[in-house]
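Okay, coords_35.pdb now, which holds PDB, C-alpha atoms:
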```pdb
ATOM      1  CA  PHE A   1     -15.055  -1.697  -8.958
ATOM      2  CA  ARG A   2     -15.234  -5.388  -9.760
ATOM      3  CA  PHE A   3     -12.495  -7.934  -9.351
ATOM      4  CA  ARG A   4     -12.383 -10.679 -12.004
ATOM      5  CA  ILE A   5     -10.960 -14.056 -11.067
ATOM      6  CA  ALA A   6     -10.341 -16.754 -13.673
ATOM      7  CA  ALA A   7     -13.014 -15.253 -15.923
ATOM      8  CA  ARG A   8     -15.777 -16.876 -13.895
ATOM      9  CA  HIS A   9     -15.816 -15.134 -10.491
ATOM     10  CA  SER A  10     -17.067 -11.603  -9.865
ATOM     11  CA  LEU A  11     -16.565 -10.642  -6.254
ATOM     12  CA  SER A  12     -17.414  -7.638  -4.103
ATOM     13  CA  TRP A  13     -15.109  -6.042  -1.558
ATOM     14  CA  SER A  14     -15.576  -5.853   2.185
ATOM     15  CA  SER A  15     -13.319  -3.701   4.320
ATOM     16  CA  GLY A  16     -11.549  -3.959   7.637
ATOM     17  CA  GLN A  17     -10.493  -7.581   7.262
ATOM     18  CA  ASN A  18      -7.122  -9.140   6.649
ATOM     19  CA  PRO A  19      -6.644 -12.086   4.307
ATOM     20  CA  SER A  20      -5.554 -15.309   5.926
ATOM     21  CA  SER A  21      -1.964 -16.282   5.251
ATOM     22  CA  ARG A  22       0.152 -19.353   4.727
ATOM     23  CA  GLY A  23       3.473 -19.466   6.502
ATOM     24  CA  ALA A  24       6.330 -18.531   4.177
ATOM     25  CA  GLU A  25       8.965 -21.190   3.642
ATOM     26  CA  GLU A  26      12.084 -20.591   5.685
ATOM     27  CA  ALA A  27      15.490 -20.499   4.070
ATOM     28  CA  PRO A  28      18.928 -19.741   5.496
ATOM     29  CA  ASP A  29      19.733 -16.965   3.074
ATOM     30  CA  ILE A  30      18.364 -14.823   0.261
ATOM     31  CA  ALA A  31      21.170 -15.252  -2.280
ATOM     32  CA  GLY A  32      19.964 -14.850  -5.840
ATOM     33  CA  CYS A  33      17.194 -12.377  -4.987
ATOM     34  CA  PRO A  34      18.840  -8.965  -5.444
ATOM     35  CA  GLU A  35      17.386  -5.807  -4.006
ATOM     36  CA  ALA A  36      17.069  -2.971  -6.509
ATOM     37  CA  PRO A  37      18.235   0.553  -5.660
ATOM     38  CA  PRO A  38      15.609   3.266  -5.089
ATOM     39  CA  LEU A  39      14.272   4.873  -8.260
ATOM     40  CA  ASP A  40      12.942   8.234  -9.286
ATOM     41  CA  ALA A  41       9.952   8.808 -11.602
ATOM     42  CA  GLN A  42      12.166   8.194 -14.622
ATOM     43  CA  GLY A  43      13.633   4.989 -13.205
ATOM     44  CA  GLY A  44      16.843   6.585 -11.902
ATOM     45  CA  PRO A  45      18.235   6.770  -8.339
ATOM     46  CA  GLY A  46      15.809   8.491  -5.997
ATOM     47  CA  SER A  47      12.197   7.815  -5.092
ATOM     48  CA  VAL A  48      10.004   4.935  -6.219
ATOM     49  CA  LEU A  49       8.127   5.215  -9.525
ATOM     50  CA  PRO A  50       4.376   5.574  -8.859
ATOM     51  CA  LEU A  51       2.158   3.028 -10.624
ATOM     52  CA  ALA A  52      -1.544   3.486 -11.377
ATOM     53  CA  ILE A  53      -2.663   0.046 -10.226
ATOM     54  CA  SER A  54      -6.424  -0.483 -10.456
ATOM     55  CA  GLU A  55      -8.384   0.466  -7.349
ATOM     56  CA  SER A  56      -9.607  -3.069  -6.648
ATOM     57  CA  TRP A  57      -6.086  -4.470  -6.484
ATOM     58  CA  ARG A  58      -4.925  -1.464  -4.487
ATOM     59  CA  LEU A  59      -7.566  -2.249  -1.866
ATOM     60  CA  LEU A  60      -6.156  -5.756  -1.609
ATOM     61  CA  THR A  61      -2.673  -4.457  -0.828
ATOM     62  CA  SER A  62      -4.106  -2.204   1.889
ATOM     63  CA  GLY A  63      -5.560  -5.166   3.775
ATOM     64  CA  ALA A  64      -9.121  -5.311   2.453
ATOM     65  CA  LEU A  65     -10.546  -8.736   1.668
ATOM     66  CA  VAL A  66     -12.455  -9.840  -1.402
ATOM     67  CA  ASP A  67     -15.087 -12.309  -0.273
ATOM     68  CA  GLY A  68     -13.984 -15.654  -1.640
ATOM     69  CA  TRP A  69     -10.879 -14.470  -3.532
ATOM     70  CA  GLN A  70      -8.568 -16.739  -1.561
ATOM     71  CA  ALA A  71     -10.806 -19.739  -2.165
ATOM     72  CA  ALA A  72     -10.985 -18.904  -5.878
ATOM     73  CA  PHE A  73      -7.212 -18.528  -6.167
ATOM     74  CA  ALA A  74      -6.717 -21.761  -4.253
ATOM     75  CA  ALA A  75      -9.125 -23.565  -6.574
ATOM     76  CA  ASP A  76      -8.001 -22.086  -9.912
ATOM     77  CA  GLY A  77      -4.311 -21.367  -9.342
ATOM     78  CA  PHE A  78      -4.442 -17.865 -10.876
ATOM     79  CA  LEU A  79      -6.168 -14.477 -10.878
ATOM     80  CA  ILE A  80      -6.841 -12.248 -13.903
ATOM     81  CA  GLU A  81      -7.275  -8.466 -13.732
ATOM     82  CA  LYS A  82      -8.181  -6.291 -16.716
ATOM     83  CA  GLN A  83      -6.034  -3.316 -15.621
ATOM     84  CA  VAL A  84      -2.936  -3.339 -13.422
ATOM     85  CA  LEU A  85      -0.659  -0.785 -15.110
ATOM     86  CA  PRO A  86      -1.719   2.333 -17.048
ATOM     87  CA  SER A  87      -1.550   1.944 -20.820
ATOM     88  CA  ALA A  88       0.829   4.893 -21.171
ATOM     89  CA  LEU A  89       3.345   3.136 -18.954
ATOM     90  CA  CYS A  90       3.063   0.010 -21.101
ATOM     91  CA  ASP A  91       3.735   2.084 -24.213
ATOM     92  CA  ALA A  92       6.841   3.501 -22.541
ATOM     93  CA  LEU A  93       8.013  -0.010 -21.602
ATOM     94  CA  VAL A  94       7.575  -1.163 -25.205
ATOM     95  CA  ALA A  95       9.704   1.763 -26.385
ATOM     96  CA  ARG A  96      12.413   0.858 -23.883
ATOM     97  CA  LEU A  97      12.200  -2.820 -24.902
ATOM     98  CA  ASP A  98      12.713  -1.842 -28.534
ATOM     99  CA  ALA A  99      15.754   0.163 -27.466
ATOM    100  CA  MET A 100      17.245  -2.802 -25.630
ATOM    101  CA  LEU A 101      16.606  -5.098 -28.593
ATOM    102  CA  ALA A 102      18.542  -2.534 -30.645
ATOM    103  CA  GLY A 103      21.444  -2.737 -28.187
ATOM    104  CA  GLU A 104      20.724   0.371 -26.119
ATOM    105  CA  PHE A 105      20.898  -0.071 -22.319
ATOM    106  CA  ASP A 106      20.489   3.098 -20.278
ATOM    107  CA  THR A 107      21.962   1.475 -17.168
ATOM    108  CA  GLY A 108      25.180   0.561 -18.961
ATOM    109  CA  GLN A 109      24.521  -3.090 -18.110
ATOM    110  CA  VAL A 110      23.192  -5.872 -20.342
ATOM    111  CA  PRO A 111      20.328  -8.116 -19.118
ATOM    112  CA  ASP A 112      21.246 -11.684 -18.237
ATOM    113  CA  LYS A 113      19.815 -12.958 -21.531
ATOM    114  CA  MET A 114      19.071 -11.193 -24.806
ATOM    115  CA  PRO A 115      17.779 -12.621 -28.103
ATOM    116  CA  ARG A 116      20.469 -13.587 -30.562
ATOM    117  CA  VAL A 117      20.910 -11.246 -33.506
ATOM    118  CA  GLU A 118      19.806 -13.016 -36.664
ATOM    119  CA  GLN A 119      22.607 -13.448 -39.177
ATOM    120  CA  PRO A 120      21.961 -12.751 -42.882
ATOM    121  CA  GLN A 121      20.966 -15.812 -44.863
ATOM    122  CA  VAL A 122      23.521 -16.942 -47.474
ATOM    123  CA  ASP A 123      23.412 -19.570 -50.186
ATOM    124  CA  VAL A 124      19.746 -20.237 -49.521
ATOM    125  CA  GLU A 125      19.256 -22.116 -52.777
ATOM    126  CA  ALA A 126      21.823 -24.705 -51.745
ATOM    127  CA  ARG A 127      19.850 -25.678 -48.662
ATOM    128  CA  SER A 128      17.093 -28.254 -48.545
ATOM    129  CA  ASP A 129      13.556 -26.944 -48.103
ATOM    130  CA  ALA A 130      13.418 -28.352 -44.562
ATOM    131  CA  ARG A 131      16.637 -26.654 -43.512
ATOM    132  CA  GLN A 132      15.572 -23.380 -45.094
ATOM    133  CA  SER A 133      12.283 -23.560 -43.203
ATOM    134  CA  ARG A 134      14.127 -23.983 -39.922
ATOM    135  CA  LYS A 135      16.435 -21.088 -40.683
ATOM    136  CA  THR A 136      13.704 -18.653 -41.685
ATOM    137  CA  ARG A 137      11.196 -19.525 -38.937
ATOM    138  CA  VAL A 138      10.185 -16.482 -36.871
ATOM    139  CA  GLN A 139      11.609 -16.887 -33.392
ATOM    140  CA  VAL A 140      10.053 -16.113 -30.018
ATOM    141  CA  GLN A 141      12.331 -13.613 -28.282
ATOM    142  CA  GLN A 142      13.211 -13.728 -24.585
ATOM    143  CA  VAL A 143      14.891 -11.188 -22.320
ATOM    144  CA  VAL A 144      15.869 -12.302 -18.803
ATOM    145  CA  ASN A 145      16.257  -9.659 -16.091
ATOM    146  CA  ALA A 146      15.411  -6.706 -18.280
ATOM    147  CA  TRP A 147      15.563  -4.587 -15.115
ATOM    148  CA  LYS A 148      19.353  -4.777 -15.210
ATOM    149  CA  GLY A 149      19.496  -3.095 -18.610
ATOM    150  CA  ASP A 150      16.826  -0.419 -18.288
ATOM    151  CA  ARG A 151      15.829   2.004 -15.553
ATOM    152  CA  LEU A 152      12.121   2.034 -16.391
ATOM    153  CA  PHE A 153      11.908  -1.759 -16.347
ATOM    154  CA  ASN A 154      13.813  -1.635 -13.052
ATOM    155  CA  ALA A 155      11.227   0.742 -11.610
ATOM    156  CA  VAL A 156       8.285  -1.449 -12.635
ATOM    157  CA  VAL A 157       9.797  -4.826 -11.760
ATOM    158  CA  HIS A 158      10.800  -3.643  -8.286
ATOM    159  CA  SER A 159       7.669  -1.593  -7.664
ATOM    160  CA  GLU A 160       6.689  -1.721  -4.002
ATOM    161  CA  GLU A 161       3.005  -1.848  -4.929
ATOM    162  CA  LEU A 162       3.375  -4.881  -7.202
ATOM    163  CA  GLY A 163       5.326  -6.670  -4.495
ATOM    164  CA  LYS A 164       2.612  -5.940  -1.937
ATOM    165  CA  LEU A 165      -0.025  -7.190  -4.342
ATOM    166  CA  VAL A 166       1.706 -10.519  -4.938
ATOM    167  CA  ALA A 167       2.403 -10.955  -1.216
ATOM    168  CA  ALA A 168      -1.287 -10.404  -0.436
ATOM    169  CA  VAL A 169      -2.373 -12.965  -3.032
ATOM    170  CA  ALA A 170       0.286 -15.498  -2.029
ATOM    171  CA  GLY A 171      -0.341 -15.085   1.694
ATOM    172  CA  TRP A 172       3.206 -13.980   2.540
ATOM    173  CA  PRO A 173       3.074 -11.891   5.735
ATOM    174  CA  SER A 174       6.741 -10.981   5.373
ATOM    175  CA  GLY A 175       6.169  -9.497   1.908
ATOM    176  CA  ALA A 176       7.505 -10.450  -1.513
ATOM    177  CA  ARG A 177      10.786  -9.908  -3.302
ATOM    178  CA  VAL A 178      11.760 -10.271  -6.942
ATOM    179  CA  LEU A 179      13.531 -13.417  -8.030
ATOM    180  CA  GLN A 180      13.892 -12.415 -11.674
ATOM    181  CA  ASP A 181      11.916 -11.030 -14.594
ATOM    182  CA  GLN A 182      11.363 -12.263 -18.124
ATOM    183  CA  VAL A 183      10.075 -10.482 -21.210
ATOM    184  CA  TRP A 184       8.572 -12.682 -23.926
ATOM    185  CA  CYS A 185       8.194 -11.111 -27.344
ATOM    186  CA  LYS A 186       6.198 -13.051 -29.958
ATOM    187  CA  PRO A 187       6.397 -11.411 -33.405
ATOM    188  CA  PRO A 188       3.734 -12.236 -36.001
ATOM    189  CA  GLY A 189       4.227 -15.804 -37.188
ATOM    190  CA  SER A 190       6.263 -16.882 -34.168
ATOM    191  CA  GLY A 191       5.544 -20.235 -32.610
ATOM    192  CA  THR A 192       4.176 -21.712 -29.414
ATOM    193  CA  LEU A 193       5.462 -21.870 -25.860
ATOM    194  CA  ALA A 194       4.847 -25.289 -24.328
ATOM    195  CA  PHE A 195       2.789 -25.642 -21.168
ATOM    196  CA  HIS A 196       4.979 -25.854 -18.097
ATOM    197  CA  ARG A 197       5.189 -25.092 -14.410
ATOM    198  CA  ASP A 198       7.393 -22.261 -13.178
ATOM    199  CA  THR A 199       8.444 -24.410 -10.231
ATOM    200  CA  ALA A 200      10.453 -26.632 -12.583
ATOM    201  CA  TYR A 201      12.654 -23.639 -13.349
ATOM    202  CA  MET A 202      12.397 -21.437 -10.260
ATOM    203  CA  GLY A 203      11.652 -23.836  -7.408
ATOM    204  CA  MET A 204       8.712 -24.677  -5.174
ATOM    205  CA  GLY A 205       7.068 -21.607  -3.665
ATOM    206  CA  VAL A 206       7.447 -19.147  -6.533
ATOM    207  CA  HIS A 207       4.516 -16.987  -7.690
ATOM    208  CA  THR A 208       4.474 -15.039 -10.949
ATOM    209  CA  MET A 209       2.865 -11.788 -12.039
ATOM    210  CA  TRP A 210       2.359 -11.481 -15.792
ATOM    211  CA  LEU A 211       1.628  -8.117 -17.438
ATOM    212  CA  ALA A 212       0.463  -7.597 -21.020
ATOM    213  CA  LEU A 213       2.329  -4.867 -22.913
ATOM    214  CA  ASP A 214       0.010  -5.069 -25.944
ATOM    215  CA  ASP A 215      -3.767  -5.251 -26.452
ATOM    216  CA  LEU A 216      -4.456  -8.984 -26.771
ATOM    217  CA  THR A 217      -6.763 -10.999 -28.993
ATOM    218  CA  HIS A 218      -7.208 -14.752 -29.276
ATOM    219  CA  ASP A 219      -5.207 -15.014 -32.513
ATOM    220  CA  MET A 220      -2.095 -13.490 -30.928
ATOM    221  CA  GLY A 221      -1.277 -16.622 -28.930
ATOM    222  CA  PRO A 222      -2.130 -15.203 -25.487
ATOM    223  CA  LEU A 223      -1.067 -16.727 -22.211
ATOM    224  CA  GLU A 224      -3.360 -19.602 -21.188
ATOM    225  CA  TYR A 225      -3.811 -21.263 -17.800
ATOM    226  CA  ALA A 226      -4.946 -24.798 -17.072
ATOM    227  CA  ARG A 227      -7.490 -24.178 -14.348
ATOM    228  CA  GLY A 228      -6.798 -26.110 -11.163
ATOM    229  CA  SER A 229      -3.602 -27.718 -12.490
ATOM    230  CA  HIS A 230      -1.586 -26.457  -9.511
ATOM    231  CA  LEU A 231      -3.388 -29.181  -7.544
ATOM    232  CA  TRP A 232      -2.304 -31.988  -9.869
ATOM    233  CA  THR A 233       0.119 -34.537  -8.517
ATOM    234  CA  THR A 234       2.543 -35.822 -11.140
ATOM    235  CA  THR A 235       5.430 -38.253 -11.073
ATOM    236  CA  GLU A 236       7.584 -35.717 -12.937
ATOM    237  CA  ALA A 237       6.720 -32.465 -11.169
ATOM    238  CA  ALA A 238      10.128 -31.004 -11.973
ATOM    239  CA  GLN A 239      10.046 -31.944 -15.658
ATOM    240  CA  ILE A 240      11.277 -29.197 -17.953
ATOM    241  CA  PRO A 241       9.594 -29.450 -21.365
ATOM    242  CA  ASN A 242      10.913 -28.284 -24.700
ATOM    243  CA  LEU A 243       9.395 -24.804 -24.586
ATOM    244  CA  TYR A 244       9.452 -24.496 -28.373
ATOM    245  CA  ALA A 245       7.897 -27.867 -29.214
ATOM    246  CA  LYS A 246       5.445 -27.923 -32.121
ATOM    247  CA  ASP A 247       2.829 -29.421 -29.798
ATOM    248  CA  PRO A 248       2.667 -27.071 -26.800
ATOM    249  CA  HIS A 249       0.216 -29.331 -24.933
ATOM    250  CA  TYR A 250       2.220 -32.554 -24.788
ATOM    251  CA  VAL A 251       3.382 -32.196 -21.179
ATOM    252  CA  LEU A 252      -0.003 -30.826 -20.123
ATOM    253  CA  ARG A 253      -1.852 -33.826 -21.558
ATOM    254  CA  ALA A 254       0.541 -36.252 -19.877
ATOM    255  CA  ALA A 255       0.161 -34.500 -16.525
ATOM    256  CA  ALA A 256      -3.643 -34.454 -16.784
ATOM    257  CA  LYS A 257      -3.725 -38.123 -17.747
ATOM    258  CA  ASN A 258      -1.434 -39.039 -14.867
ATOM    259  CA  CYS A 259      -3.832 -37.587 -12.295
ATOM    260  CA  ARG A 260      -7.018 -38.350 -14.262
ATOM    261  CA  SER A 261      -7.983 -34.716 -14.616
ATOM    262  CA  LYS A 262      -9.636 -32.790 -17.426
ATOM    263  CA  VAL A 263      -7.873 -29.834 -19.030
ATOM    264  CA  ASP A 264      -9.791 -26.544 -18.725
ATOM    265  CA  LEU A 265      -7.868 -23.765 -20.473
ATOM    266  CA  VAL A 266      -8.487 -20.091 -19.660
ATOM    267  CA  PRO A 267      -6.872 -17.453 -21.923
ATOM    268  CA  VAL A 268      -5.707 -14.117 -20.553
ATOM    269  CA  ILE A 269      -7.408 -11.713 -22.969
ATOM    270  CA  VAL A 270      -6.767  -8.206 -21.664
ATOM    271  CA  GLN A 271      -5.770  -4.798 -22.964
ATOM    272  CA  ARG A 272      -2.199  -3.618 -22.432
ATOM    273  CA  GLY A 273      -1.687  -3.057 -18.738
ATOM    274  CA  GLY A 274      -3.915  -5.973 -17.781
ATOM    275  CA  GLY A 275      -2.407  -9.055 -16.268
ATOM    276  CA  SER A 276      -2.533 -11.976 -13.910
ATOM    277  CA  ILE A 277      -0.911 -13.675 -10.942
ATOM    278  CA  HIS A 278      -0.397 -17.420 -10.893
ATOM    279  CA  ASN A 279       0.866 -20.097  -8.583
ATOM    280  CA  GLY A 280       4.188 -21.544  -9.721
ATOM    281  CA  LEU A 281       2.567 -24.991  -9.927
ATOM    282  CA  THR A 282      -0.100 -23.852 -12.396
ATOM    283  CA  TYR A 283       0.475 -25.167 -15.915
ATOM    284  CA  HIS A 284       0.527 -22.379 -18.491
ATOM    285  CA  GLY A 285       1.663 -21.828 -22.068
ATOM    286  CA  SER A 286       0.628 -20.159 -25.296
ATOM    287  CA  ASP A 287      -0.226 -20.880 -28.912
ATOM    288  CA  ALA A 288       1.451 -19.395 -31.998
ATOM    289  CA  ASN A 289       0.942 -15.747 -32.889
ATOM    290  CA  ARG A 290      -1.239 -15.872 -36.011
ATOM    291  CA  ALA A 291      -2.060 -12.164 -35.964
ATOM    292  CA  ASP A 292      -0.259  -9.367 -37.788
ATOM    293  CA  ARG A 293       0.761  -7.688 -34.501
ATOM    294  CA  VAL A 294       3.529  -8.435 -32.032
ATOM    295  CA  ARG A 295       2.601  -9.827 -28.606
ATOM    296  CA  ARG A 296       4.795  -8.798 -25.662
ATOM    297  CA  GLY A 297       4.470  -9.615 -21.977
ATOM    298  CA  LEU A 298       6.456  -8.993 -18.812
ATOM    299  CA  GLY A 299       6.632 -11.799 -16.266
ATOM    300  CA  ILE A 300       7.940 -11.077 -12.755
ATOM    301  CA  HIS A 301       8.770 -14.066 -10.551
ATOM    302  CA  PHE A 302       8.422 -13.453  -6.804
ATOM    303  CA  VAL A 303       9.321 -15.350  -3.648
ATOM    304  CA  ALA A 304       8.507 -14.677   0.003
ATOM    305  CA  ARG A 305      10.758 -11.980   1.404
ATOM    306  CA  ASP A 306      11.980 -14.171   4.270
ATOM    307  CA  GLY A 307      12.500 -17.351   2.252
ATOM    308  CA  LEU A 308      13.564 -18.997  -0.972
ATOM    309  CA  PRO A 309      11.781 -21.766  -2.865
ATOM    310  CA  ASP A 310      13.212 -25.259  -2.951
ATOM    311  CA  ALA A 311      15.228 -25.753  -6.135
ATOM    312  CA  PRO A 312      14.234 -29.128  -7.661
ATOM    313  CA  THR A 313      16.320 -28.950 -10.833
ATOM    314  CA  ALA A 314      19.881 -28.057 -11.792
ATOM    315  CA  PHE A 315      18.569 -25.030 -13.698
ATOM    316  CA  ALA A 316      16.618 -23.825 -10.674
ATOM    317  CA  ARG A 317      19.684 -24.304  -8.480
ATOM    318  CA  SER A 318      21.770 -22.238 -10.872
ATOM    319  CA  ILE A 319      19.227 -19.403 -10.590
ATOM    320  CA  ARG A 320      19.447 -19.662  -6.785
ATOM    321  CA  GLY A 321      23.229 -19.329  -7.006
ATOM    322  CA  ILE A 322      23.708 -22.466  -4.915
ATOM    323  CA  PRO A 323      27.395 -23.528  -4.862
ATOM    324  CA  GLU A 324      28.201 -26.831  -6.558
ATOM    325  CA  ALA A 325      29.194 -28.438  -3.255
ATOM    326  CA  ASP A 326      25.778 -27.675  -1.789
ATOM    327  CA  LYS A 327      23.781 -29.170  -4.664
ATOM    328  CA  LYS A 328      21.977 -32.385  -3.881
TER     329      LYS A 328
END
```
Take the structure in the file and write it out as structure tokens.
Amino acid sequence: FRFRIAARHSLSWSSGQNPSSRGAEEAPDIAGCPEAPPLDAQGGPGSVLPLAISESWRLLTSGALVDGWQAAFAADGFLIEKQVLPSALCDALVARLDAMLAGEFDTGQVPDKMPRVEQPQVDVEARSDARQSRKTRVQVQQVVNAWKGDRLFNAVVHSEELGKLVAAVAGWPSGARVLQDQVWCKPPGSGTLAFHRDTAYMGMGVHTMWLALDDLTHDMGPLEYARGSHLWTTTEAAQIPNLYAKDPHYVLRAAAKNCRSKVDLVPVIVQRGGGSIHNGLTYHGSDANRADRVRRGLGIHFVARDGLPDAPTAFARSIRGIPEADKK
């Protein structure tokens, strides 16, 4: 088995060693990071759903050490793996996503955010061309906390194995817990997602696992990472860009210029079930989907089990559930 890091490292495994760890940030309480109930193989109450994670990543969760993987992650700010989940599981997740988009939630609960239902267009001829263009533009769809609306998503998002994997990569000896999940669905013709840092939304200390639910090609607007950008120091580290800006690189260019760094973009081109883990400070975004196929991905945001990230923005504080009186 080979472990691929940032599309430029190919590392071999050695056994019997434990990865070094960084101390997890301490926090007084874990509000905002709900624990999911146990799940059976169908995502219902019972035992945990088994996941066919690739053998190389499974070795990492068991305590084995990839020579140089920590140094590579520290230098690049992300890891890429060609297979994390089995393709059949991804197909099942897509089917459940389609059901939720159609208004079917097998938990009886609606996710925290669902795409708005498009209203029929009326009196199109009376509109200006510019307004008509805005109205008919294909929209990127976002679901927040899909696990609340679907048992299978719940099983995957709160998988013990995925949590162990992220904790091993992040260096969290206490383990990892889910902060929230997001599903991004980019239909053919949908636009870009601007480069950003997850810390601006989630807080300092967050790490994200991203999983492809479709076979990806370059023309589908895949996720892209700016290599090494988690090390950039910027005067507006908590800046939240317009995610749907026509120029998805405008914040990235400004950040690179501010710290006199060059932008080195690495696309995540994997088959469904492949994915990545990235530091919350790593700039990432995606181009428009110019293919004739939909592009869907599941992002799971994790924090250390015994701590919460600092919340630098009002949006991040709202996710933490911090009372108004406690906001700084």
- Nearest residue to His218 in chain A from the set A:Ala291, A:Trp184, A:Thr107, A:Ala168 (distances using all atoms listed in the file): A:Ala291
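Applied to the file shown here, the PyMOL selection byres ((chain A and resi 174) around 10) selects Gly23, Ala24, Lys164, Ala167, Ala168, Gly171, Trp172, Pro173, Gly175, Ala176, Arg177, Ala304, Arg305, Asp306 and Gly307 of chain A.
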Write the selection just made, keeping C-alpha atoms, as a PDB file, in the frame of the given file?
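Just written: selection_39.pdb:
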```
ATOM      1  CA  GLY A  23       3.473 -19.466   6.502  1.00  0.00           C
ATOM      2  CA  ALA A  24       6.330 -18.531   4.177  1.00  0.00           C
ATOM      3  CA  LYS A 164       2.612  -5.940  -1.937  1.00  0.00           C
ATOM      4  CA  ALA A 167       2.403 -10.955  -1.216  1.00  0.00           C
ATOM      5  CA  ALA A 168      -1.287 -10.404  -0.436  1.00  0.00           C
ATOM      6  CA  GLY A 171      -0.341 -15.085   1.694  1.00  0.00           C
ATOM      7  CA  TRP A 172       3.206 -13.980   2.540  1.00  0.00           C
ATOM      8  CA  PRO A 173       3.074 -11.891   5.735  1.00  0.00           C
ATOM      9  CA  GLY A 175       6.169  -9.497   1.908  1.00  0.00           C
ATOM     10  CA  ALA A 176       7.505 -10.450  -1.513  1.00  0.00           C
ATOM     11  CA  ARG A 177      10.786  -9.908  -3.302  1.00  0.00           C
ATOM     12  CA  ALA A 304       8.507 -14.677   0.003  1.00  0.00           C
ATOM     13  CA  ARG A 305      10.758 -11.980   1.404  1.00  0.00           C
ATOM     14  CA  ASP A 306      11.980 -14.171   4.270  1.00  0.00           C
ATOM     15  CA  GLY A 307      12.500 -17.351   2.252  1.00  0.00           C
TER      16      GLY A 307
END
```
- Task: I would like the residues chosen by the PyMOL selection byres ((chain A and resi 88) around 12) on the shown file; could you give them as a list in words?
- Result: Leu51, Ala52, Val84, Leu85, Pro86, Ser87, Leu89, Cys90, Asp91, Ala92, Leu93, Val94, Ala95, Leu213, Asp214, Gln271, Arg272 and Gly273 of chain A
Using the selection just defined, write its residues with C-alpha atoms as a PDB file, in the frame of the given file.
```pdb
ATOM      1  CA  LEU A  51       2.158   3.028 -10.624  1.00  0.00           C
ATOM      2  CA  ALA A  52      -1.544   3.486 -11.377  1.00  0.00           C
ATOM      3  CA  VAL A  84      -2.936  -3.339 -13.422  1.00  0.00           C
ATOM      4  CA  LEU A  85      -0.659  -0.785 -15.110  1.00  0.00           C
ATOM      5  CA  PRO A  86      -1.719   2.333 -17.048  1.00  0.00           C
ATOM      6  CA  SER A  87      -1.550   1.944 -20.820  1.00  0.00           C
ATOM      7  CA  LEU A  89       3.345   3.136 -18.954  1.00  0.00           C
ATOM      8  CA  CYS A  90       3.063   0.010 -21.101  1.00  0.00           C
ATOM      9  CA  ASP A  91       3.735   2.084 -24.213  1.00  0.00           C
ATOM     10  CA  ALA A  92       6.841   3.501 -22.541  1.00  0.00           C
ATOM     11  CA  LEU A  93       8.013  -0.010 -21.602  1.00  0.00           C
ATOM     12  CA  VAL A  94       7.575  -1.163 -25.205  1.00  0.00           C
ATOM     13  CA  ALA A  95       9.704   1.763 -26.385  1.00  0.00           C
ATOM     14  CA  LEU A 213       2.329  -4.867 -22.913  1.00  0.00           C
ATOM     15  CA  ASP A 214       0.010  -5.069 -25.944  1.00  0.00           C
ATOM     16  CA  GLN A 271      -5.770  -4.798 -22.964  1.00  0.00           C
ATOM     17  CA  ARG A 272      -2.199  -3.618 -22.432  1.00  0.00           C
ATOM     18  CA  GLY A 273      -1.687  -3.057 -18.738  1.00  0.00           C
TER      19      GLY A 273
END
```
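When you apply the PyMOL selection byres ((chain A and resi 180) around 6) to this structure, what comes back is Asn145, Val178, Leu179, Asp181 and His301 of chain A.
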- Just how far from CA of Leu101 in chain A is CA of Met209 in chain A, in Å to one decimal? 22.5 Å
